[in-house]
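The structure file entry_39.tsv is reproduced below (TSV, C-alpha atoms).
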chain	number	residue	atom	x	y	z
A	1	MET	CA	112.57	228.95	188.95
A	2	SER	CA	110.58	232.14	188.49
A	3	THR	CA	111.33	235.56	189.96
A	4	SER	CA	108.35	235.43	192.34
A	5	ASP	CA	109.48	232.06	193.72
A	6	SER	CA	112.97	233.48	194.30
A	7	LYS	CA	111.49	236.46	196.16
A	8	ASN	CA	109.31	234.17	198.25
A	9	SER	CA	112.29	231.97	199.18
A	10	SER	CA	114.39	234.92	200.28
A	11	ALA	CA	111.47	236.37	202.30
A	12	THR	CA	110.91	233.02	203.98
A	13	LEU	CA	114.61	232.70	204.79
A	14	ARG	CA	114.62	236.23	206.21
A	15	ASN	CA	111.53	235.49	208.34
A	16	VAL	CA	113.12	232.26	209.66
A	17	ILE	CA	116.34	234.07	210.58
A	18	PHE	CA	114.28	236.83	212.20
A	19	GLY	CA	112.26	234.18	213.99
A	20	VAL	CA	115.44	232.43	215.31
A	21	VAL	CA	116.74	235.74	216.55
A	22	LEU	CA	113.44	236.54	218.27
A	23	MET	CA	113.22	233.05	219.76
A	24	PHE	CA	116.71	233.08	221.25
A	25	GLY	CA	116.59	236.78	222.13
A	26	GLY	CA	113.13	236.45	223.73
A	27	THR	CA	114.18	233.31	225.69
A	28	TYR	CA	117.28	235.05	226.90
A	29	ALA	CA	115.34	238.12	227.89
A	30	SER	CA	112.78	235.99	229.72
A	31	VAL	CA	115.39	233.91	231.55
A	32	THR	CA	117.59	236.88	232.44
A	33	ASN	CA	114.63	239.15	233.09
A	34	VAL	CA	116.26	242.06	231.37
A	35	VAL	CA	113.07	243.68	230.30
A	36	PRO	CA	112.22	246.61	232.64
A	37	GLY	CA	108.82	246.99	234.20
A	38	ARG	CA	108.08	243.28	234.61
A	39	GLU	CA	108.07	243.37	238.35
A	40	ALA	CA	105.82	246.43	238.38
A	41	LEU	CA	103.36	244.63	236.14
A	42	ASP	CA	103.49	241.54	238.37
A	43	LYS	CA	102.58	243.74	241.27
A	44	MET	CA	99.70	245.11	239.36
A	45	GLY	CA	98.55	241.52	238.68
A	46	LEU	CA	99.59	241.45	235.05
A	47	GLU	CA	102.05	238.63	234.59
A	48	LEU	CA	103.33	239.66	231.18
A	49	ASP	CA	106.63	238.15	229.97
A	50	PHE	CA	107.63	240.17	226.92
A	51	GLY	CA	110.73	237.99	226.36
A	52	MET	CA	108.63	234.85	226.12
A	53	THR	CA	106.19	236.69	223.88
A	54	PHE	CA	108.98	237.64	221.48
A	55	ALA	CA	110.32	234.07	221.65
A	56	THR	CA	106.87	232.71	220.82
A	57	ILE	CA	106.65	235.15	217.90
A	58	GLY	CA	110.09	233.94	216.75
A	59	VAL	CA	108.97	230.28	217.02
A	60	PHE	CA	105.89	231.17	215.02
A	61	LEU	CA	108.03	232.82	212.37
A	62	ILE	CA	110.19	229.67	212.23
A	63	LEU	CA	107.19	227.32	212.17
A	64	PHE	CA	105.15	229.35	209.70
A	65	PRO	CA	107.24	228.42	206.59
A	66	MET	CA	107.09	224.79	207.68
A	67	ILE	CA	103.33	224.97	208.11
A	68	LYS	CA	103.16	226.70	204.82
A	69	GLY	CA	105.48	224.17	203.08
A	70	PHE	CA	103.94	221.02	204.56
A	71	PHE	CA	100.30	222.03	204.91
A	72	LEU	CA	99.13	225.21	203.26
A	73	VAL	CA	100.86	224.74	199.89
A	74	PRO	CA	99.75	221.10	199.45
A	75	LEU	CA	96.30	222.15	200.57
A	76	GLN	CA	96.33	225.04	198.13
A	77	ASN	CA	97.64	222.74	195.42
A	78	ALA	CA	94.96	220.18	196.20
A	79	ILE	CA	92.29	222.84	196.08
A	80	GLN	CA	93.77	224.19	192.87
A	81	GLU	CA	93.91	220.73	191.38
A	82	ARG	CA	90.40	220.05	192.46
A	83	ASN	CA	89.28	223.33	190.91
A	84	THR	CA	91.20	222.48	187.78
A	85	ASN	CA	89.61	219.03	187.73
A	86	LEU	CA	86.21	220.54	188.27
A	87	GLU	CA	86.78	223.06	185.52
A	88	ARG	CA	88.01	220.34	183.21
A	89	THR	CA	85.04	218.20	184.15
A	90	PHE	CA	82.67	221.09	183.52
A	91	SER	CA	84.45	221.80	180.27
A	92	GLU	CA	84.16	218.15	179.30
A	93	VAL	CA	80.54	218.22	180.35
A	94	GLU	CA	80.00	221.27	178.20
A	95	GLU	CA	81.80	219.59	175.33
A	96	LEU	CA	79.78	216.45	175.81
A	97	LYS	CA	76.64	218.52	176.03
A	98	SER	CA	77.56	220.34	172.86
A	99	GLU	CA	78.46	217.08	171.21
A	100	MET	CA	75.20	215.57	172.39
A	101	GLN	CA	73.28	218.52	171.04
A	102	THR	CA	75.08	218.12	167.74
A	103	LEU	CA	74.32	214.41	167.79
A	104	ARG	CA	70.76	215.15	168.79
A	105	ALA	CA	70.42	217.63	165.96
A	106	ASP	CA	71.90	215.10	163.57
A	107	TYR	CA	69.66	212.40	164.97
A	108	GLU	CA	66.60	214.61	164.68
A	109	LYS	CA	67.61	215.57	161.16
A	110	ARG	CA	68.17	211.95	160.23
A	111	LEU	CA	64.96	210.96	161.98
A	112	ALA	CA	63.07	213.61	160.03
A	113	ALA	CA	64.72	212.48	156.80
A	114	THR	CA	63.92	208.86	157.63
A	115	GLU	CA	60.36	209.78	158.49
A	116	ALA	CA	60.03	211.72	155.25
A	117	GLU	CA	61.53	208.84	153.32
A	118	ALA	CA	59.28	206.34	155.10
A	119	ARG	CA	56.28	208.57	154.47
A	120	GLU	CA	57.22	208.87	150.82
A	121	HIS	CA	57.77	205.12	150.63
A	122	ILE	CA	54.43	204.45	152.31
A	123	GLN	CA	52.70	206.86	149.94
A	124	SER	CA	54.38	205.16	147.01
A	125	GLN	CA	53.34	201.74	148.30
A	126	ILE	CA	49.79	202.97	148.89
A	127	LYS	CA	49.66	204.38	145.39
A	128	GLU	CA	51.05	201.15	143.96
A	129	ALA	CA	48.58	199.11	146.00
A	130	GLN	CA	45.72	201.29	144.78
A	131	GLN	CA	46.86	200.84	141.18
A	132	LEU	CA	47.17	197.09	141.73
A	133	ARG	CA	43.74	197.02	143.31
A	134	ALA	CA	42.27	198.93	140.39
A	135	THR	CA	43.99	196.60	137.93
A	136	LEU	CA	42.82	193.51	139.80
A	137	ILE	CA	39.28	194.83	139.97
A	138	GLU	CA	39.40	195.63	136.27
A	139	GLU	CA	40.73	192.19	135.40
A	140	ALA	CA	38.22	190.48	137.67
A	141	THR	CA	35.42	192.51	136.13
A	142	ALA	CA	36.59	191.64	132.63
A	143	LYS	CA	36.86	187.96	133.53
A	144	THR	CA	33.47	188.00	135.18
A	145	GLU	CA	31.92	189.69	132.18
A	146	ALA	CA	33.59	187.19	129.85
A	147	LEU	CA	32.38	184.28	131.99
A	148	VAL	CA	28.88	185.71	132.13
A	149	SER	CA	28.93	186.29	128.38
A	150	GLN	CA	30.24	182.76	127.76
A	151	ALA	CA	27.65	181.32	130.12
A	152	GLN	CA	24.88	183.27	128.39
A	153	SER	CA	26.16	182.11	125.02
A	154	ASP	CA	26.35	178.50	126.24
A	155	ILE	CA	22.87	178.72	127.70
A	156	ALA	CA	21.54	180.19	124.46
A	157	THR	CA	23.29	177.50	122.42
A	158	GLU	CA	22.04	174.77	124.73
A	159	ARG	CA	18.53	176.21	124.62
A	160	ASP	CA	18.61	176.47	120.83
A	161	GLN	CA	19.96	172.93	120.59
A	162	LEU	CA	17.24	171.61	122.88
A	163	ILE	CA	14.56	173.52	120.99
A	164	GLY	CA	15.99	172.23	117.72
A	165	GLU	CA	16.05	168.65	119.04
A	166	LEU	CA	12.54	169.04	120.37
A	167	ARG	CA	11.29	170.41	117.07
A	168	SER	CA	13.13	167.68	115.17
A	169	HIS	CA	11.51	165.15	117.44
A	170	VAL	CA	8.12	166.74	116.82
A	171	VAL	CA	8.81	166.67	113.08
A	172	GLU	CA	9.81	163.01	113.26
A	173	LEU	CA	6.70	162.17	115.24
A	174	ALA	CA	4.48	164.14	112.89
A	175	LEU	CA	6.07	162.60	109.81
A	176	GLY	CA	5.91	159.14	111.36
A	177	ALA	CA	2.21	159.65	111.93
A	178	ALA	CA	1.82	161.11	108.43
A	179	THR	CA	3.67	158.15	106.92
A	180	LYS	CA	1.45	155.75	108.79
A	181	ILE	CA	-1.69	157.60	107.73
A	182	VAL	CA	-0.55	157.83	104.11
A	183	GLY	CA	0.39	154.13	104.12
A	184	GLU	CA	-2.94	153.12	105.60
A	185	ASN	CA	-4.88	155.28	103.15
A	186	MET	CA	-2.91	154.16	100.12
A	187	ASP	CA	-4.61	151.64	97.85
A	188	SER	CA	-4.14	150.44	94.28
A	189	ASP	CA	-6.38	153.12	92.80
A	190	LYS	CA	-4.58	155.93	94.57
A	191	ASN	CA	-1.23	154.41	93.65
A	192	ARG	CA	-2.29	154.20	90.03
A	193	ARG	CA	-3.35	157.86	90.12
A	194	MET	CA	-0.02	158.82	91.65
A	195	VAL	CA	1.84	156.98	88.90
A	196	ASP	CA	-0.31	158.55	86.20
A	197	ASP	CA	0.18	162.00	87.74
A	198	PHE	CA	3.91	161.42	87.85
A	199	ILE	CA	4.03	160.35	84.19
A	200	ALA	CA	1.91	163.32	83.20
A	201	ALA	CA	3.93	165.80	85.20
A	202	ALA	CA	7.36	164.38	84.38
A	203	GLY	CA	7.88	166.63	81.35
A	204	VAL	CA	6.48	169.68	83.11
A	205	ALA	CA	8.65	169.23	86.18
A	206	SER	CA	11.88	168.92	84.27
B	1	MET	CA	38.54	148.55	91.53
B	2	GLU	CA	41.01	146.10	89.98
B	3	ASP	CA	38.12	143.70	89.19
B	4	LEU	CA	36.20	146.48	87.46
B	5	ARG	CA	39.19	147.39	85.31
B	6	VAL	CA	39.80	143.75	84.39
B	7	GLY	CA	36.09	143.25	83.64
B	8	ARG	CA	36.13	146.39	81.49
B	9	ARG	CA	39.10	145.10	79.44
B	10	TYR	CA	37.46	141.70	78.85
B	11	ALA	CA	34.12	143.35	78.02
B	12	LEU	CA	35.71	145.76	75.56
B	13	ALA	CA	37.51	142.95	73.71
B	14	LEU	CA	34.35	140.84	73.68
B	15	PHE	CA	32.18	143.72	72.47
B	16	GLU	CA	34.54	144.62	69.64
B	17	THR	CA	34.64	140.99	68.48
B	18	ALA	CA	30.86	140.59	68.80
B	19	HIS	CA	30.34	143.80	66.88
B	20	LYS	CA	32.69	142.57	64.18
B	21	PHE	CA	30.66	139.35	63.79
B	22	ASP	CA	27.34	141.10	64.45
B	23	VAL	CA	26.43	138.90	67.41
B	24	ILE	CA	26.10	141.57	70.08
B	25	ALA	CA	22.55	140.68	71.04
B	26	SER	CA	23.28	136.93	71.17
B	27	VAL	CA	26.36	137.40	73.29
B	28	GLU	CA	24.50	139.69	75.74
B	29	GLU	CA	21.71	137.16	76.03
B	30	ASP	CA	24.30	134.46	76.77
B	31	LEU	CA	25.95	136.62	79.42
B	32	ASN	CA	22.59	137.46	81.01
B	33	ALA	CA	21.71	133.78	81.16
B	34	ILE	CA	25.05	132.83	82.74
B	35	VAL	CA	24.81	135.67	85.31
B	36	ALA	CA	21.19	134.73	86.08
B	37	LEU	CA	22.34	131.18	86.71
B	38	LEU	CA	25.17	132.44	88.98
B	39	GLU	CA	22.76	134.64	90.94
B	40	ARG	CA	20.12	131.94	91.20
B	41	ASP	CA	22.22	128.86	91.82
B	42	ASP	CA	24.59	129.09	94.77
B	43	GLU	CA	25.90	125.58	94.19
B	44	PHE	CA	26.99	126.43	90.65
B	45	THR	CA	28.61	129.63	91.90
B	46	SER	CA	30.51	127.74	94.61
B	47	PHE	CA	31.70	125.20	92.06
B	48	LEU	CA	32.86	127.92	89.69
B	49	VAL	CA	34.83	129.93	92.25
B	50	SER	CA	36.07	126.96	94.28
B	51	PRO	CA	39.88	126.82	94.53
B	52	TYR	CA	39.69	123.05	95.14
B	53	THR	CA	38.29	122.33	91.65
B	54	SER	CA	40.91	122.14	88.91
B	55	ARG	CA	40.73	124.31	85.83
B	56	ASP	CA	40.41	121.30	83.53
B	57	GLU	CA	37.52	119.99	85.55
B	58	LYS	CA	35.81	123.38	85.45
B	59	LEU	CA	36.35	123.62	81.70
B	60	GLN	CA	34.86	120.18	81.12
B	61	ILE	CA	31.76	121.01	83.15
B	62	ILE	CA	31.34	124.41	81.48
B	63	ASP	CA	31.70	122.79	78.05
B	64	LYS	CA	29.05	120.24	78.91
B	65	LEU	CA	26.69	122.88	80.29
B	66	PHE	CA	27.00	125.67	77.75
B	67	SER	CA	28.70	124.51	74.54
B	68	ASP	CA	25.41	123.76	72.77
B	69	ARG	CA	23.45	126.59	74.39
B	70	ILE	CA	25.55	129.72	73.88
B	71	THR	CA	27.46	131.27	71.00
B	72	ALA	CA	31.00	130.19	70.24
B	73	LEU	CA	32.28	133.65	71.11
B	74	THR	CA	30.73	133.56	74.58
B	75	MET	CA	32.04	130.04	75.08
B	76	GLN	CA	35.50	131.21	74.10
B	77	LEU	CA	35.26	134.05	76.65
B	78	LEU	CA	34.26	131.61	79.39
B	79	ARG	CA	37.17	129.30	78.60
B	80	LEU	CA	39.60	132.21	78.60
B	81	MET	CA	38.37	133.57	81.92
B	82	LEU	CA	38.56	130.15	83.52
B	83	GLU	CA	42.10	129.64	82.24
B	84	LYS	CA	43.10	133.05	83.61
B	85	ARG	CA	41.28	132.38	86.90
B	86	ARG	CA	38.97	135.36	86.32
B	87	GLU	CA	35.69	133.47	86.78
B	88	THR	CA	34.63	135.83	89.57
B	89	ASP	CA	34.66	138.75	87.09
B	90	ILE	CA	31.93	137.34	84.82
B	91	ILE	CA	29.27	139.62	86.35
B	92	HIS	CA	31.43	142.70	85.82
B	93	VAL	CA	32.04	141.67	82.21
B	94	ARG	CA	28.30	141.37	81.67
B	95	ASP	CA	27.65	144.81	83.18
B	96	GLU	CA	30.41	146.48	81.17
B	97	PHE	CA	29.28	144.71	77.98
B	98	SER	CA	25.71	145.94	78.47
B	99	GLN	CA	26.98	149.50	79.00
B	100	LEU	CA	29.09	149.32	75.84
B	101	ARG	CA	26.14	147.96	73.89
B	102	ARG	CA	23.86	150.76	75.17
B	103	LYS	CA	26.43	153.37	74.37
B	104	HIS	CA	26.83	151.88	70.89
B	105	GLU	CA	23.08	151.92	70.29
B	106	GLY	CA	22.47	155.26	71.98
B	107	VAL	CA	20.24	153.67	74.59
B	108	LEU	CA	19.72	155.04	78.11
B	109	HIS	CA	19.24	152.50	80.90
B	110	VAL	CA	16.77	153.55	83.55
B	111	HIS	CA	15.84	151.83	86.77
B	112	VAL	CA	12.18	152.21	87.65
B	113	THR	CA	11.06	151.37	91.20
B	114	SER	CA	7.39	151.44	92.14
B	115	ALA	CA	5.34	150.60	95.19
B	116	GLU	CA	3.13	148.27	93.15
B	117	GLU	CA	3.69	146.59	89.83
B	118	LEU	CA	2.99	148.92	86.90
B	119	VAL	CA	0.44	147.85	84.38
B	120	ALA	CA	1.46	147.59	80.71
B	121	GLU	CA	-0.16	150.90	79.76
B	122	GLN	CA	1.70	152.71	82.50
B	123	ARG	CA	5.01	151.17	81.49
B	124	THR	CA	4.46	152.11	77.86
B	125	ALA	CA	3.41	155.66	78.74
B	126	LEU	CA	6.35	156.06	81.09
B	127	LEU	CA	8.92	154.86	78.59
B	128	ALA	CA	7.43	157.04	75.87
B	129	LYS	CA	7.53	160.04	78.16
B	130	LEU	CA	11.08	159.36	79.23
B	131	SER	CA	12.19	158.87	75.63
B	132	VAL	CA	10.78	162.24	74.65
B	133	LEU	CA	12.03	163.90	77.78
B	134	LEU	CA	15.59	162.55	77.61
B	135	ASP	CA	15.74	162.39	73.83
B	136	LYS	CA	17.09	158.82	73.84
B	137	LYS	CA	15.94	155.27	73.38
B	138	ILE	CA	15.02	153.95	76.79
B	139	GLU	CA	15.81	150.57	78.23
B	140	ALA	CA	14.10	150.06	81.54
B	141	GLU	CA	14.52	147.72	84.48
B	142	PHE	CA	11.48	147.53	86.74
B	143	ASP	CA	11.52	146.81	90.47
B	144	ILE	CA	8.90	146.78	93.22
B	145	ASP	CA	9.52	148.26	96.67
B	146	PRO	CA	6.47	148.43	99.00
B	147	LEU	CA	8.39	150.77	101.34
B	148	LEU	CA	7.83	153.54	98.78
B	149	ILE	CA	4.12	153.50	99.92
B	150	GLY	CA	2.90	154.85	96.59
B	151	GLY	CA	4.08	156.24	93.23
B	152	LEU	CA	7.37	155.49	91.49
B	153	LYS	CA	10.89	156.76	90.99
B	154	VAL	CA	13.16	156.66	87.98
B	155	ALA	CA	16.95	156.50	88.32
B	156	TYR	CA	19.41	156.93	85.43
B	157	ASP	CA	23.09	157.79	85.38
B	158	ASN	CA	23.41	159.98	88.46
B	159	ASN	CA	19.86	161.36	88.36
B	160	VAL	CA	16.71	160.38	90.22
B	161	MET	CA	13.15	161.46	89.42
B	162	ASP	CA	11.23	160.77	92.61
B	163	GLY	CA	7.42	160.62	92.49
B	164	THR	CA	6.89	158.38	95.52
B	165	ALA	CA	4.92	159.10	98.69
B	166	ARG	CA	8.01	158.12	100.68
B	167	GLY	CA	10.10	160.64	98.69
B	168	ALA	CA	7.50	163.38	99.22
B	169	LEU	CA	7.50	162.72	102.96
B	170	HIS	CA	11.29	162.69	102.99
B	171	LYS	CA	11.35	166.00	101.16
B	172	LEU	CA	8.80	167.39	103.61
B	173	ARG	CA	11.03	166.26	106.50
B	174	GLU	CA	14.04	167.96	104.93
B	175	ASN	CA	12.12	171.20	104.39
B	176	LEU	CA	10.75	171.21	107.93
B	177	THR	CA	14.16	170.45	109.42
B	178	TYR	CA	15.75	173.19	107.32
B	179	ASP	CA	13.07	175.66	108.43
B	180	LEU	CA	13.56	174.64	112.05
B	181	ILE	CA	17.31	175.11	111.84
B	182	LYS	CA	16.79	178.53	110.30
B	183	ARG	CA	14.30	179.51	113.02
B	184	VAL	CA	16.60	178.36	115.81
B	185	ARG	CA	19.52	180.36	114.41

Before we go any further, please render this structure as structure tokens.
Amino acid sequence: MSTSDSKNSSATLRNVIFGVVLMFGGTYASVTNVVPGREALDKMGLELDFGMTFATIGVFLILFPMIKGFFLVPLQNAIQERNTNLERTFSEVEELKSEMQTLRADYEKRLAATEAEAREHIQSQIKEAQQLRATLIEEATAKTEALVSQAQSDIATERDQLIGELRSHVVELALGAATKIVGENMDSDKNRRMVDDFIAAAGVAS
Amino acid sequence: MEDLRVGRRYALALFETAHKFDVIASVEEDLNAIVALLERDDEFTSFLVSPYTSRDEKLQIIDKLFSDRITALTMQLLRLMLEKRRETDIIHVRDEFSQLRRKHEGVLHVHVTSAEELVAEQRTALLAKLSVLLDKKIEAEFDIDPLLIGGLKVAYDNNVMDGTARGALHKLRENLTYDLIKRVR
């Protein structure tokens, strides 16, 4: 028990004792009418009973600690507790707010980092896609050029082959006609001349 | 290939013997006559190569046919080939014998093909020309092939001298085709 509580207890006890004295003393004075001047006041129309007044004050002094003990202190404690709860709640709110701000800052930081990473990733993917696109276009161009070149070569070969076949056919036709003409124009005299020419030229040719 | 080798062995033995007895020409004439008969007479050829005719029977017939017509050496060759069942090689023996004889005499065999039959003067002039040109005695075999159109060609060993219209046209075709191929490329 603290010193202030001890002082309060002794003051309360003193007030109660004083109250009991006043109550009994005032009641006695009122009943016995020992207070002078009461009758004079009654005659003047003022019905004042000082004994009862002192007794009432004594009752009040007796009742006051009880009121204080059973009503005021619990009320004060309840108010205090409520204030304490409110303060704690506000404190918790402040803590939560601070924590939320910290979390928010972290979240924003992480969000920024994530956004930066995503942006970097997207840029990287875009760059890779562009490179792939360029490579694909290059390959497609090379393949197309090769196909075109091959097709041109095939066409040229086919054309040359057809021209060659056509010319060979023309040669065959021409030589067939020539053979027929030579055969039809050949007779014994011409054959004899051919043989003679061959014999004459045999030595020269070799 | 086996037949050629066998024919060559028989021909070599025959030629050496004929040369020893100086009957090369007679033996070659005999062989030519027998081969001519084989080429002309299918019945005789069938009889000679028939597996159903016994060797003795073949020998008896051959003796009757040729014993008084050909030299003893040729007759001996025929008997030997029949005994050894080499009657199908007689043509090869004749060919090899002729080659050995030509080689022995330094004669070159040429095969002359013409569109029409050559007259005697042409044949003589041709052989004289070839003899001078090839520096050898020439022995010629003449054939006629109307497909040559005109002129003649001479074949010997692995060489051909082509003076025919057909050959000229063929050469023209080759030249034109070669030119065309070159132009296309």

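Closest to B:Lys153 among B:Asp179, B:Asp135, B:Glu116, B:Asp42 is B:Glu116, based on only C-alpha atoms.
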
Would you give me, as a ChimeraX atom specification, the residues of chain A that come within 6 Å of chain B, using only C-alpha atoms?
-> /A:160,183,191,194-195,198-199

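Using only C-alpha atoms, the shortest contact distance between B:Tyr10 and any of B:His109, B:Arg94, B:Lys137, B:Arg102 is found at B:Arg94.
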
Atom CA of A:Val73 to atom CA of A:Arg88: how many Å, to one decimal?
->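 Separation of atom CA of A:Val73 and atom CA of A:Arg88: 21.5 Å.
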
Polymer residues at most 8 Å from (41.5, 128.8, 84.9) by only C-alpha atoms, as an MDAnalysis selection string = chainID B and resid 54:56 58:59 79:87

Hey, can you spit out that residue selection with C-alpha atoms as a PDB file, keeping the file's coordinate frame?
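out.pdb, written as the output of this step:
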ATOM      1  CA  SER B  54      40.910 122.140  88.910  1.00  0.00           C
ATOM      2  CA  ARG B  55      40.730 124.310  85.830  1.00  0.00           C
ATOM      3  CA  ASP B  56      40.410 121.300  83.530  1.00  0.00           C
ATOM      4  CA  LYS B  58      35.810 123.380  85.450  1.00  0.00           C
ATOM      5  CA  LEU B  59      36.350 123.620  81.700  1.00  0.00           C
ATOM      6  CA  ARG B  79      37.170 129.300  78.600  1.00  0.00           C
ATOM      7  CA  LEU B  80      39.600 132.210  78.600  1.00  0.00           C
ATOM      8  CA  MET B  81      38.370 133.570  81.920  1.00  0.00           C
ATOM      9  CA  LEU B  82      38.560 130.150  83.520  1.00  0.00           C
ATOM     10  CA  GLU B  83      42.100 129.640  82.240  1.00  0.00           C
ATOM     11  CA  LYS B  84      43.100 133.050  83.610  1.00  0.00           C
ATOM     12  CA  ARG B  85      41.280 132.380  86.900  1.00  0.00           C
ATOM     13  CA  ARG B  86      38.970 135.360  86.320  1.00  0.00           C
ATOM     14  CA  GLU B  87      35.690 133.470  86.780  1.00  0.00           C
TER      15      GLU B  87
END

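Proximity ranking of B:Phe97, B:Phe142, B:Phe66, B:Tyr156 relative to B:Leu37 places B:Phe66 first, based on only C-alpha atoms.
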
One decimal, Å: what's the distance from atom CA of B:Arg69 over to atom CA of B:Leu31, could you say?
->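 Spanning atom CA of B:Arg69 to atom CA of B:Leu31 is a straight-line distance of 11.5 Å.
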
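Interatomic distance, atom CA of A:Ile79 to atom CA of A:Phe60: 24.8 Å.
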
Any chance you could model N, CA and C atoms for stretch 161-181 of chain A and send them as a short mmCIF file (atom, residue, chain, number, x, y, z; two decimals), in the frame of the given file?
data_model
loop_
_atom_site.label_atom_id
_atom_site.label_comp_id
_atom_site.auth_asym_id
_atom_site.auth_seq_id
_atom_site.Cartn_x
_atom_site.Cartn_y
_atom_site.Cartn_z
N GLN A 161 19.77 174.34 120.95
CA GLN A 161 19.96 172.93 120.59
C GLN A 161 18.78 172.09 121.07
N LEU A 162 18.37 172.37 122.33
CA LEU A 162 17.24 171.61 122.88
C LEU A 162 15.96 171.89 122.10
N ILE A 163 15.77 173.18 121.77
CA ILE A 163 14.56 173.52 120.99
C ILE A 163 14.61 172.83 119.64
N GLY A 164 15.83 172.88 119.02
CA GLY A 164 15.99 172.23 117.72
C GLY A 164 15.71 170.73 117.81
N GLU A 165 16.27 170.10 118.87
CA GLU A 165 16.05 168.65 119.04
C GLU A 165 14.57 168.36 119.27
N LEU A 166 13.97 169.23 120.09
CA LEU A 166 12.54 169.04 120.37
C LEU A 166 11.71 169.17 119.09
N ARG A 167 12.04 170.21 118.32
CA ARG A 167 11.29 170.41 117.07
C ARG A 167 11.54 169.26 116.10
N SER A 168 12.83 168.82 116.05
CA SER A 168 13.13 167.68 115.17
C SER A 168 12.33 166.46 115.60
N HIS A 169 12.27 166.28 116.92
CA HIS A 169 11.51 165.15 117.44
C HIS A 169 10.04 165.27 117.05
N VAL A 170 9.52 166.50 117.20
CA VAL A 170 8.12 166.74 116.82
C VAL A 170 7.91 166.45 115.34
N VAL A 171 8.90 166.92 114.53
CA VAL A 171 8.81 166.67 113.08
C VAL A 171 8.81 165.18 112.80
N GLU A 172 9.73 164.46 113.49
CA GLU A 172 9.81 163.01 113.26
C GLU A 172 8.49 162.33 113.65
N LEU A 173 7.96 162.76 114.80
CA LEU A 173 6.70 162.17 115.24
C LEU A 173 5.58 162.46 114.25
N ALA A 174 5.54 163.73 113.83
CA ALA A 174 4.48 164.14 112.89
C ALA A 174 4.61 163.39 111.57
N LEU A 175 5.87 163.28 111.09
CA LEU A 175 6.07 162.60 109.81
C LEU A 175 5.85 161.10 109.94
N GLY A 176 6.20 160.55 111.13
CA GLY A 176 5.91 159.14 111.36
C GLY A 176 4.41 158.88 111.29
N ALA A 177 3.68 159.78 111.96
CA ALA A 177 2.21 159.65 111.93
C ALA A 177 1.69 159.83 110.51
N ALA A 178 2.27 160.85 109.81
CA ALA A 178 1.82 161.11 108.43
C ALA A 178 2.11 159.91 107.54
N THR A 179 3.30 159.32 107.72
CA THR A 179 3.67 158.15 106.92
C THR A 179 2.69 157.01 107.16
N LYS A 180 2.38 156.83 108.45
CA LYS A 180 1.45 155.75 108.79
C LYS A 180 0.07 155.99 108.17
N ILE A 181 -0.37 157.26 108.28
CA ILE A 181 -1.69 157.60 107.73
C ILE A 181 -1.70 157.43 106.22
#
